[in-house]
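S.K.: Pasting model.txt here (compact mmCIF, C-alpha atoms):
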# COMPACT_ATOMS: atom_id res chain seq x y z
CA MET L 260 -12.61 -25.17 -10.52
CA PRO L 261 -10.09 -22.76 -12.07
CA LYS L 262 -7.04 -24.31 -13.71
CA ILE L 263 -3.88 -22.27 -13.36
CA THR L 264 -0.43 -22.54 -14.86
CA LEU L 265 2.51 -20.79 -13.31
CA THR L 266 6.23 -21.15 -12.88
CA VAL L 267 7.42 -22.01 -9.39
CA ASN L 268 11.16 -21.93 -8.83
CA ASN L 269 11.68 -22.27 -12.58
CA GLU L 270 9.41 -25.31 -12.95
CA THR L 271 6.10 -25.07 -14.76
CA VAL L 272 3.16 -26.10 -12.61
CA THR L 273 -0.44 -26.66 -13.69
CA LYS L 274 -3.04 -27.10 -10.95
CA ASP L 275 -6.78 -27.08 -10.41
CA VAL L 276 -7.47 -24.80 -7.47
CA GLU L 277 -10.54 -23.42 -5.77
CA ALA L 278 -10.88 -19.69 -6.35
CA ARG L 279 -10.52 -19.16 -2.61
CA THR L 280 -7.19 -21.00 -2.41
CA LEU L 281 -4.51 -18.66 -1.16
CA LEU L 282 -1.15 -18.60 -2.87
CA VAL L 283 0.50 -19.72 0.36
CA GLU L 284 -1.84 -22.73 0.53
CA LEU L 285 -0.93 -23.68 -3.02
CA VAL L 286 2.77 -23.34 -2.26
CA ARG L 287 2.74 -25.29 1.00
CA GLU L 288 -0.06 -27.83 0.60
CA GLY L 289 -0.34 -28.09 -3.16
CA LEU L 290 3.37 -28.12 -3.94
CA GLY L 291 4.88 -29.21 -0.63
CA LEU L 292 7.19 -26.20 -0.46
CA THR L 293 7.00 -25.74 3.29
CA GLY L 294 9.90 -23.32 3.57
CA THR L 295 7.29 -20.60 3.15
CA HIS L 296 5.62 -20.18 6.54
CA ILE L 297 2.18 -19.09 7.66
CA GLY L 298 2.54 -16.90 10.72
CA CYS L 299 -0.26 -14.45 11.38
CA ASP L 300 -2.39 -15.22 8.31
CA THR L 301 -3.48 -11.56 8.49
CA SER L 302 -0.93 -9.91 6.20
CA GLN L 303 1.16 -8.49 8.99
CA CYS L 304 4.07 -10.79 9.86
CA GLY L 305 5.68 -11.48 6.50
CA ALA L 306 6.63 -15.11 7.22
CA CYS L 307 4.84 -16.06 3.97
CA VAL L 308 6.72 -13.72 1.63
CA VAL L 309 7.42 -15.10 -1.83
CA HIS L 310 8.32 -13.31 -5.05
CA VAL L 311 5.72 -12.98 -7.79
CA ASN L 312 7.34 -11.78 -11.01
CA GLY L 313 10.21 -10.62 -8.83
CA ALA L 314 8.10 -8.59 -6.41
CA PRO L 315 7.98 -9.61 -2.75
CA VAL L 316 4.38 -10.27 -1.73
CA LYS L 317 2.59 -11.75 1.24
CA SER L 318 1.33 -15.03 -0.16
CA CYS L 319 -1.38 -15.26 2.52
CA THR L 320 -2.95 -12.16 0.97
CA MET L 321 -3.00 -13.21 -2.66
CA LEU L 322 -5.19 -15.79 -4.32
CA ALA L 323 -3.54 -18.65 -6.15
CA VAL L 324 -5.64 -17.74 -9.21
CA GLN L 325 -4.07 -14.28 -9.15
CA ALA L 326 -0.71 -15.96 -9.67
CA ASP L 327 -1.88 -17.62 -12.89
CA GLY L 328 0.72 -16.96 -15.58
CA THR L 329 3.29 -15.53 -13.18
CA GLU L 330 6.75 -16.61 -12.07
CA VAL L 331 6.80 -17.44 -8.38
CA THR L 332 9.98 -17.87 -6.37
CA THR L 333 9.97 -19.31 -2.85
CA VAL L 334 12.79 -19.57 -0.36
CA GLU L 335 13.61 -22.98 -1.80
CA GLY L 336 14.20 -21.23 -5.12
CA VAL L 337 16.86 -18.88 -3.79
CA SER L 338 18.72 -21.56 -1.83
CA PRO L 339 21.61 -23.53 -3.29
CA LYS L 340 21.25 -27.35 -3.47
CA SER L 341 23.60 -27.60 -0.54
CA GLY L 342 24.89 -24.97 1.84
CA LEU L 343 23.66 -21.41 2.05
CA ASN L 344 23.59 -18.42 -0.29
CA PRO L 345 25.51 -15.29 0.81
CA LEU L 346 22.46 -13.71 2.42
CA GLN L 347 21.54 -16.87 4.31
CA GLN L 348 25.17 -17.24 5.35
CA ALA L 349 25.10 -13.69 6.72
CA PHE L 350 22.00 -14.48 8.80
CA ASN L 351 23.93 -17.44 10.21
CA GLU L 352 27.08 -15.47 10.95
CA HIS L 353 25.35 -12.44 12.47
CA HIS L 354 22.86 -14.41 14.54
CA GLY L 355 19.98 -13.01 12.50
CA LEU L 356 17.62 -15.61 13.87
CA GLN L 357 16.78 -17.53 16.98
CA CYS L 358 13.69 -19.68 16.42
CA GLY L 359 13.94 -19.18 12.66
CA PHE L 360 10.21 -18.97 11.98
CA CYS L 361 10.39 -15.54 10.35
CA THR L 362 13.64 -16.26 8.51
CA PRO L 363 12.27 -17.44 5.13
CA GLY L 364 10.19 -14.27 4.85
CA MET L 365 13.11 -12.13 5.99
CA VAL L 366 15.37 -13.76 3.41
CA MET L 367 12.87 -13.31 0.59
CA THR L 368 12.20 -9.68 1.49
CA ALA L 369 15.89 -8.90 1.88
CA THR L 370 16.70 -10.67 -1.39
CA ALA L 371 14.31 -8.37 -3.24
CA LEU L 372 15.55 -5.36 -1.31
CA LEU L 373 19.19 -6.00 -2.23
CA LYS L 374 18.30 -6.65 -5.84
CA ALA L 375 16.57 -3.25 -6.07
CA ASN L 376 19.16 -1.49 -3.92
CA PRO L 377 22.53 -3.30 -3.73
CA ASP L 378 24.09 -0.69 -1.43
CA PRO L 379 21.38 0.28 1.08
CA THR L 380 21.80 2.44 4.16
CA GLU L 381 20.81 0.95 7.50
CA ALA L 382 17.70 3.18 7.47
CA GLU L 383 16.74 1.81 4.04
CA VAL L 384 17.14 -1.76 5.30
CA ARG L 385 14.95 -1.05 8.30
CA HIS L 386 12.31 0.63 6.10
CA GLY L 387 12.50 -2.32 3.71
CA LEU L 388 11.92 -4.86 6.48
CA GLU L 389 8.90 -3.09 7.98
CA GLY L 390 6.58 -5.78 6.69
CA ASN L 391 8.42 -8.61 8.42
CA LEU L 392 8.04 -9.30 12.12
CA CYS L 393 10.59 -11.14 14.27
CA ARG L 394 9.70 -11.89 17.86
CA CYS L 395 13.17 -13.09 18.90
CA THR L 396 16.03 -10.92 17.76
CA GLY L 397 14.97 -7.31 18.17
CA TYR L 398 15.93 -6.84 14.49
CA GLN L 399 19.44 -5.49 15.12
CA ASN L 400 21.15 -8.70 14.06
CA ILE L 401 18.86 -9.10 11.07
CA VAL L 402 19.77 -5.61 9.91
CA ASP L 403 23.44 -6.41 10.52
CA ALA L 404 23.09 -9.58 8.45
CA VAL L 405 21.47 -7.77 5.52
CA MET L 406 24.10 -5.02 5.58
CA ALA L 407 26.89 -7.60 5.69
CA ALA L 408 25.32 -9.60 2.87
CA ALA L 409 25.04 -6.45 0.78
CA LYS L 410 28.75 -5.87 1.20
CA THR L 411 29.60 -9.47 0.34
CA MET L 412 27.32 -9.52 -2.68
CA ARG L 413 28.77 -6.27 -4.04
CA SER L 414 32.34 -7.54 -3.88
CA MET J 395 -13.31 -18.28 3.65
CA ASP J 396 -16.26 -19.30 1.54
CA ASP J 397 -15.59 -20.11 -2.07
CA PHE J 398 -16.64 -17.77 -4.85
CA SER J 399 -16.44 -17.52 -8.61
CA TYR J 400 -13.43 -15.71 -10.04
CA GLN J 401 -13.23 -13.74 -13.25
CA LYS J 402 -10.53 -11.60 -14.76
CA PRO J 403 -12.08 -9.48 -17.52
CA LYS J 404 -9.88 -7.75 -20.09
CA ASN J 405 -11.91 -4.56 -20.40
CA LEU J 406 -14.22 -2.32 -18.39
CA SER J 407 -17.43 -3.28 -20.12
CA ASP J 408 -16.85 -6.97 -19.42
CA ALA J 409 -16.10 -6.12 -15.78
CA VAL J 410 -19.31 -4.14 -15.45
CA ALA J 411 -21.25 -6.97 -17.10
CA ALA J 412 -19.71 -9.54 -14.77
CA PHE J 413 -20.68 -7.44 -11.77
CA GLY J 414 -24.22 -7.15 -13.08
CA ASP J 415 -24.48 -10.90 -13.57
CA ALA J 416 -23.22 -11.70 -10.08
CA GLU J 417 -25.61 -12.18 -7.19
CA ASP J 418 -23.22 -10.51 -4.76
CA GLY J 419 -20.11 -9.53 -6.66
CA THR J 420 -17.14 -7.49 -5.60
CA PHE J 421 -14.26 -6.02 -7.52
CA LEU J 422 -10.77 -7.20 -6.68
CA ALA J 423 -8.04 -4.58 -7.01
CA GLY J 424 -4.86 -5.26 -5.00
CA GLY J 425 -6.71 -7.41 -2.50
CA GLN J 426 -4.79 -6.09 0.50
CA THR J 427 -8.00 -5.25 2.37
CA ILE J 428 -10.72 -7.39 0.86
CA LEU J 429 -8.83 -10.68 1.22
CA PRO J 430 -8.05 -10.21 4.95
CA VAL J 431 -11.65 -9.08 5.47
CA MET J 432 -12.93 -12.22 3.74
CA LYS J 433 -10.60 -14.42 5.78
CA LEU J 434 -12.11 -12.91 8.91
CA GLY J 435 -15.57 -13.79 7.61
CA LEU J 436 -16.61 -10.13 7.46
CA ALA J 437 -17.31 -10.35 3.73
CA ALA J 438 -18.35 -13.31 1.61
CA PRO J 439 -18.91 -12.24 -1.99
CA SER J 440 -20.33 -14.78 -4.43
CA ALA J 441 -18.09 -13.51 -7.20
CA MET J 442 -14.77 -11.71 -7.38
CA ILE J 443 -14.05 -9.70 -10.48
CA ASP J 444 -10.31 -9.11 -10.75
CA LEU J 445 -9.54 -5.77 -12.39
CA SER J 446 -5.85 -6.51 -12.92
CA GLY J 447 -6.39 -7.72 -16.49
CA ILE J 448 -7.61 -4.32 -17.70
CA ASP J 449 -4.64 -2.53 -19.24
CA ASP J 450 -6.43 0.84 -19.35
CA LEU J 451 -6.23 1.08 -15.54
CA GLN J 452 -2.47 0.63 -15.32
CA SER J 453 -0.88 3.82 -16.58
CA ILE J 454 0.72 6.89 -15.04
CA SER J 455 0.89 10.11 -17.05
CA VAL J 456 2.49 13.33 -15.90
CA THR J 457 2.23 16.81 -17.42
CA ASP J 458 3.21 20.20 -16.04
CA ALA J 459 -0.33 20.64 -14.81
CA ALA J 460 -1.36 17.24 -13.50
CA VAL J 461 -0.41 13.73 -12.49
CA SER J 462 -2.89 11.13 -13.65
CA ILE J 463 -2.68 7.68 -12.14
CA GLY J 464 -4.65 4.64 -13.25
CA ALA J 465 -6.79 2.98 -10.61
CA MET J 466 -4.84 -0.29 -10.70
CA VAL J 467 -1.40 1.30 -10.36
CA THR J 468 0.28 -0.08 -7.25
CA HIS J 469 1.63 2.06 -4.44
CA ASN J 470 5.08 0.75 -5.28
CA ALA J 471 4.77 1.89 -8.90
CA VAL J 472 3.71 5.36 -7.80
CA ALA J 473 6.58 5.56 -5.32
CA ALA J 474 9.04 4.33 -7.95
CA SER J 475 7.93 6.79 -10.63
CA LYS J 476 10.52 9.51 -11.12
CA ASP J 477 7.96 11.59 -13.01
CA VAL J 478 5.59 11.53 -10.03
CA ALA J 479 8.45 12.31 -7.64
CA ASN J 480 9.46 15.32 -9.72
CA ALA J 481 5.92 16.65 -10.11
CA ILE J 482 4.50 16.03 -6.62
CA PRO J 483 7.21 14.80 -4.23
CA ALA J 484 4.74 14.64 -1.35
CA LEU J 485 2.55 12.18 -3.27
CA SER J 486 5.55 10.02 -4.04
CA PHE J 487 6.59 10.09 -0.38
CA LEU J 488 3.07 9.17 0.71
CA ALA J 489 2.88 6.20 -1.66
CA GLY J 490 6.29 4.94 -0.52
CA ASN J 491 5.17 4.87 3.09
CA ILE J 492 1.84 3.10 2.80
CA GLY J 493 1.78 -0.10 4.84
CA ASP J 494 4.91 -2.11 4.14
CA PRO J 495 6.88 -3.08 1.02
CA GLN J 496 4.84 -6.19 0.30
CA VAL J 497 1.52 -4.37 0.65
CA ARG J 498 2.83 -1.66 -1.68
CA MET J 499 3.59 -4.29 -4.34
CA ARG J 500 -0.08 -5.31 -4.47
CA GLY J 501 -2.18 -2.46 -3.11
CA THR J 502 -3.58 0.05 -5.60
CA LEU J 503 -4.69 3.68 -5.65
CA GLY J 504 -8.19 2.80 -6.82
CA GLY J 505 -8.59 0.06 -4.25
CA SER J 506 -7.45 2.33 -1.47
CA ILE J 507 -9.81 5.19 -2.15
CA ALA J 508 -12.76 2.95 -3.05
CA ASN J 509 -12.33 1.28 0.34
CA ASN J 510 -11.86 4.66 2.10
CA ASP J 511 -10.40 3.23 5.27
CA PRO J 512 -10.41 6.01 7.89
CA ALA J 513 -6.65 5.56 8.36
CA ALA J 514 -5.58 5.07 4.75
CA ASP J 515 -3.02 7.54 3.39
CA TYR J 516 -4.29 8.24 -0.13
CA PRO J 517 -7.59 9.91 0.81
CA ALA J 518 -5.66 12.78 2.44
CA ALA J 519 -3.67 13.38 -0.75
CA VAL J 520 -6.73 13.14 -2.98
CA LEU J 521 -8.63 15.63 -0.82
CA ALA J 522 -5.79 18.09 -0.16
CA LEU J 523 -4.67 18.21 -3.78
CA GLY J 524 -8.24 18.63 -4.98
CA ALA J 525 -7.97 15.61 -7.23
CA THR J 526 -10.62 14.43 -9.65
CA ILE J 527 -11.72 10.81 -9.60
CA THR J 528 -12.74 9.39 -12.96
CA THR J 529 -14.97 6.34 -13.08
CA ASP J 530 -16.52 4.31 -15.88
CA LYS J 531 -19.51 6.65 -15.61
CA ARG J 532 -18.41 10.14 -14.59
CA GLN J 533 -15.94 12.44 -12.90
CA ILE J 534 -16.18 13.11 -9.16
CA ALA J 535 -14.45 15.94 -7.30
CA ALA J 536 -12.48 14.89 -4.23
CA ASP J 537 -14.67 17.11 -2.04
CA ASP J 538 -17.69 15.04 -3.09
CA PHE J 539 -16.06 11.62 -3.10
CA PHE J 540 -15.30 10.70 0.53
CA THR J 541 -18.68 10.53 2.22
CA GLY J 542 -18.04 8.68 5.47
CA MET J 543 -16.30 5.77 7.16
CA PHE J 544 -15.62 3.14 4.47
CA ASP J 545 -18.12 5.04 2.33
CA THR J 546 -17.74 6.93 -0.93
CA ALA J 547 -19.87 8.53 -3.63
CA LEU J 548 -19.33 5.44 -5.81
CA GLU J 549 -22.51 3.69 -6.87
CA ASP J 550 -22.89 -0.06 -6.74
CA GLY J 551 -20.82 -1.53 -9.54
CA GLU J 552 -19.12 1.76 -10.47
CA ILE J 553 -15.41 1.36 -11.25
CA ILE J 554 -12.73 3.97 -10.64
CA THR J 555 -10.55 4.23 -13.74
CA SER J 556 -8.05 6.96 -12.77
CA VAL J 557 -7.34 9.83 -10.44
CA GLU J 558 -5.99 13.17 -11.65
CA PHE J 559 -3.97 15.20 -9.17
CA PRO J 560 -3.35 18.86 -10.10
CA VAL J 561 0.33 19.70 -9.59
CA PRO J 562 0.54 22.07 -6.61
CA ASP J 563 3.02 24.85 -6.05
CA ALA J 564 4.08 23.13 -2.85
CA ALA J 565 2.88 20.16 -0.82
CA GLY J 566 3.88 18.05 2.13
CA TYR J 567 2.60 14.96 3.93
CA ALA J 568 3.39 13.89 7.45
CA LYS J 569 1.93 10.97 9.33
CA PHE J 570 2.31 9.44 12.72
CA ALA J 571 2.09 5.78 11.84
CA ASN J 572 0.84 2.98 14.00
CA PRO J 573 4.13 1.12 14.46
CA ALA J 574 2.54 -2.26 13.74
CA SER J 575 0.23 -1.60 10.80
CA ARG J 576 1.78 1.63 9.46
CA PHE J 577 -1.74 2.99 9.13
CA ALA J 578 -1.95 6.65 10.11
CA LEU J 579 -2.89 7.41 13.71
CA ALA J 580 -2.98 10.88 12.23
CA GLY J 581 -1.70 12.05 8.88
CA VAL J 582 -1.92 15.53 7.40
CA PHE J 583 -1.48 16.48 3.76
CA VAL J 584 -0.97 20.18 3.03
CA ALA J 585 -1.03 21.59 -0.50
CA ARG J 586 -0.65 25.13 -1.78
CA SER J 587 -1.69 26.11 -5.29
CA LEU J 588 -1.04 29.42 -6.96
CA VAL J 589 -4.27 30.55 -8.56
CA GLU J 590 -4.57 32.89 -11.49
CA ALA J 591 -6.30 35.66 -9.57
CA GLY J 592 -3.26 35.94 -7.35
CA GLY J 593 -2.74 34.73 -3.84
CA ASP J 594 -2.59 31.19 -2.59
CA THR J 595 -5.14 28.52 -2.18
CA VAL J 596 -4.18 26.15 0.58
CA ARG J 597 -5.89 22.88 1.36
CA VAL J 598 -5.24 20.84 4.49
CA ALA J 599 -6.60 17.29 4.73
CA VAL J 600 -6.40 14.91 7.66
CA THR J 601 -6.55 11.13 7.67
CA GLY J 602 -6.45 8.57 10.46
CA ALA J 603 -7.90 10.83 13.11
CA GLY J 604 -11.59 10.86 12.30
CA PRO J 605 -14.13 8.54 10.70
CA CYS J 606 -13.27 9.90 7.26
CA THR J 607 -10.69 12.25 5.76
CA PHE J 608 -11.59 15.89 6.37
CA ARG J 609 -10.30 19.42 5.76
CA ILE J 610 -9.46 22.04 8.38
CA ALA J 611 -10.72 25.45 7.19
CA GLU J 612 -9.03 27.41 9.96
CA MET J 613 -5.61 25.99 9.12
CA GLU J 614 -6.20 26.63 5.42
CA ALA J 615 -7.04 30.28 6.06
CA ALA J 616 -4.02 30.79 8.31
CA LEU J 617 -1.67 29.16 5.82
CA ALA J 618 -3.11 31.20 2.96
CA GLU J 619 -2.02 34.30 4.89
CA ASP J 620 1.34 32.93 5.95
CA PHE J 621 2.53 29.58 4.62
CA SER J 622 4.68 28.64 7.59
CA ALA J 623 4.44 26.17 10.45
CA ALA J 624 4.32 29.09 12.88
CA ALA J 625 1.07 30.23 11.29
CA LEU J 626 -0.57 27.14 12.78
CA ASP J 627 0.31 28.05 16.37
CA GLY J 628 -2.76 27.99 18.54
CA ILE J 629 -5.06 26.39 15.96
CA THR J 630 -6.66 23.27 17.33
CA VAL J 631 -9.31 20.88 16.14
CA ALA J 632 -12.12 19.83 18.45
CA SER J 633 -11.60 16.25 19.58
CA ASP J 634 -15.35 15.55 19.77
CA ASP J 635 -15.53 13.92 16.36
CA LEU J 636 -12.14 12.19 16.43
CA ASN J 637 -11.54 8.49 16.92
CA THR J 638 -10.76 6.82 20.20
CA ASP J 639 -9.61 3.21 19.96
CA MET J 640 -7.03 0.83 21.43
CA HIS J 641 -4.26 2.70 19.64
CA ALA J 642 -4.91 6.29 20.67
CA SER J 643 -7.45 8.57 22.31
CA ALA J 644 -9.26 11.35 20.48
CA GLU J 645 -7.35 13.87 22.56
CA TYR J 646 -4.02 12.34 21.51
CA ARG J 647 -5.07 12.38 17.87
CA ARG J 648 -6.16 16.02 18.20
CA HIS J 649 -2.66 16.86 19.37
CA LEU J 650 -1.06 14.81 16.61
CA ILE J 651 -2.99 16.69 13.94
CA GLY J 652 -1.34 19.95 15.00
CA VAL J 653 2.12 18.42 15.07
CA MET J 654 1.74 16.60 11.75
CA ALA J 655 0.29 19.71 10.06
CA LYS J 656 3.36 21.71 11.03
CA ARG J 657 5.69 18.99 9.80
CA ALA J 658 3.79 18.82 6.52
CA VAL J 659 4.14 22.58 6.04
CA ASP J 660 7.86 22.40 6.81
CA THR J 661 8.19 19.65 4.22
CA ALA J 662 6.25 21.66 1.68
CA ASN J 663 8.63 24.54 2.31
CA GLY J 664 11.54 22.38 1.37
CA ASP J 665 12.72 21.07 4.70
CA LYS J 666 13.96 17.51 4.76
CA GLN J 667 11.16 14.95 4.61
Translate this file's structure into structure tokens.
M.R.:
Amino acid sequence: MPKITLTVNNETVTKDVEARTLLVELVREGLGLTGTHIGCDTSQCGACVVHVNGAPVKSCTMLAVQADGTEVTTVEGVSPKSGLNPLQQAFNEHHGLQCGFCTPGMVMTATALLKANPDPTEAEVRHGLEGNLCRCTGYQNIVDAVMAAAKTMRS
Amino acid sequence: MDDFSYQKPKNLSDAVAAFGDAEDGTFLAGGQTILPVMKLGLAAPSAMIDLSGIDDLQSISVTDAAVSIGAMVTHNAVAASKDVANAIPALSFLAGNIGDPQVRMRGTLGGSIANNDPAADYPAAVLALGATITTDKRQIAADDFFTGMFDTALEDGEIITSVEFPVPDAAGYAKFANPASRFALAGVFVARSLVEAGGDTVRVAVTGAGPCTFRIAEMEAALAEDFSAAALDGITVASDDLNTDMHASAEYRRHLIGVMAKRAVDTANGDKQ
């Protein structure tokens, strides 16, 4: 069984995993970080998005062994110990969620988007969120939240 | 999915050897197709040989004449490359609109064309630009590479190392994307190259509409005479060999090809993408 060592939310983790173990399975079941969700399990919905070496990826479509030696960040890793970060706060204020199932993936994708492009247009936000599905909000409030967070984070 | 052995060789010869040793091995590039396929139980390799540890497959090099992209370069890296955007803007645009941002972070050029999904974007660019595919064994011209649905000229165990795209005089890509998957319902890549003997050589390649990317000779001839969208008026493709599925009928795709071809020409002529 392959042994892998990676950094998850700044902590070094060493685990024996089956080759077929998905990164999302390692994160949720192996490490108990259940903020990362499994939605479609077919690489479409984006509820499982985590960062691998800073890049947003669908953790249901990456093997845990492929993350050997990488730095992984989950939604727990971008959240303050108490309260909300500016992006999460913007989702709250702009009603960027109803059921909340997609929210961790939205937050992780938007976090990477704003890091790469701190002052995006609305069209760029929509293009950047194409890999994340929300079945509640119709996206408008999510886009509003990301735009508002961008403004807050720039100031 | 069933378990398998996993290896991550550091060079091509070790990868080839690992494939040879495996009972039923498969290469792992970005994994954005093979992993979903395995989860669905449609593939169950005994060994996965991860090509991401081979540095030789990771580079992009751009000259005045050609853009060469390593097989393991991700779509995101191609889209983010200023050199690629300057040399072949249409290729940069194409790469930046494959799937979604997360897929582009993992998916690779080599993986895409080795898989040859009928609706993948890259095959249209490779074919229209007349690219050359280099493998661990040989060079293959784009016209000889795409042989059918999910089928290529690659032999068992042959590894794509890079793809060289000649820099065209002008090129454009337009696709009508499935709004859920972002795969092309129909996508058309148009490229014009100025050849030494004078006159233009135009290539038009379609993806998403048929079982495999294909060229449209009649459009190429018309555009060689007059490189404008209007030159395509009245040119239609027979719908007999086009795909009909839950997303679109063959007739609808036939219509889309004409519309996308005109948009691609407009883009190539400098109109806003």
S.K.: Can you pull out every residue within 10 Å of Ile507 of chain J, counting all atoms listed in the file, but drop anything in the same chain fewer than 6 positions away, and send it as a list in words?
M.R.: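 These residues fall inside the cut-off: Ala465, Ala514, Asp515, Tyr516, Pro517, Ala518, Val520, Ile527, Phe539, Phe540, Phe544, Asp545, Thr546, Ile554 and Val557 of chain J.
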S.K.: Determine, using all atoms listed in the file, which residues of chain L have any atom at most 7 Å from an atom of chain J, and tabulate each with its shortest atom pair and distance in Å to one decimal place, rows ordered by chain and then rising number, as CSV.
M.R.:
residue,atom,partner,partner_atom,distance
L:Ala278,CA,J:Tyr400,CA,6.0
L:Arg279,CA,J:Asp397,CA,5.2
L:Thr301,CA,J:Pro430,CA,5.9
L:Ala314,CA,J:Met499,CA,6.6
L:Pro315,CA,J:Gln496,CA,5.6
L:Val316,CA,J:Gln496,CA,4.6
L:Lys317,CA,J:Gln496,CA,6.1
L:Thr320,CA,J:Leu429,CA,6.1
L:Met321,CA,J:Gly425,CA,6.9
L:Gly387,CA,J:Pro495,CA,6.3
L:Glu389,CA,J:Asp494,CA,5.6
L:Gly390,CA,J:Asp494,CA,4.8
S.K.: Restricting the calculation to all atoms listed in the file, which member of J:Gly524, J:Ile553, J:Thr595, J:Ala565 is positioned closest to Ala481 of chain J?
M.R.: J:Ala565
S.K.: Just want the 9 Å neighbourhood of Asp563 of chain J, counted on only C-alpha atoms, with same-chain residues fewer than 6 positions away dropped. Output as a list in words.
M.R.: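 Here the qualifying residues turn out to be Ile482, Ala585, Arg586, Ser587, Leu588 and Ala662 of chain J.
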S.K.: Pick the closest to Leu292 of chain L from L:Pro261, L:Gly355, L:Gly313, L:Pro363: which is it, counting only C-alpha atoms?
M.R.: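 Counting only C-alpha atoms, the residue closest to Leu292 of chain L is L:Pro363.
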S.K.: Using Å and a single decimal, report how far atom CA of Leu281 of chain L sits from atom CA of Asn510 of chain J.
M.R.: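 So the two atoms, atom CA of Asn510 of chain J and atom CA of Leu281 of chain L, lie 24.7 Å apart.
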S.K.: When you count only C-alpha atoms, which of these residues is closest to Ala460 of chain J: J:Asn663, J:Ser440, J:Ser622, J:Thr526?
M.R.: J:Thr526
S.K.: Could you name the residues that touch Ala306 of chain L at 7 Å or less, counting all atoms listed in the file, but leaving out those on the same chain fewer than 3 positions away, as a list in words?
M.R.: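 Contacts, in chain order: Thr295, His296, Ile297, Gly298, Cys361, Pro363, Gly364 and Asn391 of chain L.
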S.K.: Go through L:Val334, L:Thr329, L:Gln303, L:Thr396 and flag the residue nearest Phe577 of chain J, using all atoms listed in the file for the distances.
M.R.: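 Closest candidate: L:Gln303.
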S.K.: Find the axis-aligned box for segment 323-329 of chain L, covering all its listed atoms and adding 4 Å on each side, and write its centre and edge lengths in Å to one decimal as JSON.
M.R.:
{"center_x": -1.2, "center_y": -16.5, "center_z": -10.9, "size_x": 16.9, "size_y": 12.4, "size_z": 17.4}
S.K.: Kindly give the distance, in Å, that separates atom CA of Val402 of chain L and atom CA of His469 of chain J, rounded to a single decimal.
M.R.: 24.4 Å
S.K.: Quick one: residues within 10 Å of Thr264 of chain L, all atoms listed in the file counted, chain neighbours fewer than 6 positions away excluded, as a PyMOL selection string?
M.R.: chain L and resi 271-275+324+326-330
S.K.: When distances are computed from only C-alpha atoms, which of L:Gln348, L:Cys393, L:Gln357, L:Gly342 shows the smallest separation from Gly305 of chain L?
M.R.: L:Cys393
S.K.: Suppose you want the space between atom CA of Ala564 of chain J and atom CA of Thr630 of chain J; what is it in Å?
M.R.: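 If I compute the distance from atom CA of Ala564 of chain J to atom CA of Thr630 of chain J, I get 22.9 Å.
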S.K.: As a count of residues only, please: the residues near Gly566 of chain J (cut-off 10 Å, all atoms listed in the file, same-chain neighbours under 6 positions excluded).
M.R.: 27
S.K.: With N, CA and C atoms as the goal, would you fill in the gaps in segment 382-392 of chain L and present it as an mmCIF file, in the frame of the given file?
M.R.:
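File part-v9.cif, as written:
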data_model
loop_
_atom_site.group_PDB
_atom_site.id
_atom_site.type_symbol
_atom_site.label_atom_id
_atom_site.label_comp_id
_atom_site.auth_asym_id
_atom_site.auth_seq_id
_atom_site.Cartn_x
_atom_site.Cartn_y
_atom_site.Cartn_z
ATOM 1 N N ALA L 382 19.089 2.689 7.410
ATOM 2 C CA ALA L 382 17.700 3.180 7.470
ATOM 3 C C ALA L 382 16.866 2.564 6.341
ATOM 4 N N GLU L 383 17.477 2.412 5.163
ATOM 5 C CA GLU L 383 16.740 1.810 4.040
ATOM 6 C C GLU L 383 16.449 0.332 4.302
ATOM 7 N N VAL L 384 17.382 -0.347 4.957
ATOM 8 C CA VAL L 384 17.140 -1.760 5.300
ATOM 9 C C VAL L 384 15.999 -1.858 6.294
ATOM 10 N N ARG L 385 16.020 -0.996 7.299
ATOM 11 C CA ARG L 385 14.950 -1.050 8.300
ATOM 12 C C ARG L 385 13.596 -0.728 7.666
ATOM 13 N N HIS L 386 13.551 0.284 6.787
ATOM 14 C CA HIS L 386 12.310 0.630 6.100
ATOM 15 C C HIS L 386 11.855 -0.554 5.229
ATOM 16 N N GLY L 387 12.823 -1.206 4.596
ATOM 17 C CA GLY L 387 12.500 -2.320 3.710
ATOM 18 C C GLY L 387 12.007 -3.563 4.429
ATOM 19 N N LEU L 388 12.326 -3.666 5.705
ATOM 20 C CA LEU L 388 11.920 -4.860 6.480
ATOM 21 C C LEU L 388 10.693 -4.588 7.353
ATOM 22 N N GLU L 389 10.032 -3.444 7.106
ATOM 23 C CA GLU L 389 8.900 -3.090 7.980
ATOM 24 C C GLU L 389 7.756 -4.093 7.905
ATOM 25 N N GLY L 390 7.671 -4.821 6.826
ATOM 26 C CA GLY L 390 6.580 -5.780 6.690
ATOM 27 C C GLY L 390 6.905 -7.167 7.211
ATOM 28 N N ASN L 391 8.024 -7.298 7.898
ATOM 29 C CA ASN L 391 8.420 -8.610 8.420
ATOM 30 C C ASN L 391 8.648 -8.514 9.926
ATOM 31 N N LEU L 392 7.923 -9.332 10.662
ATOM 32 C CA LEU L 392 8.040 -9.300 12.120
ATOM 33 C C LEU L 392 8.913 -10.444 12.610
#
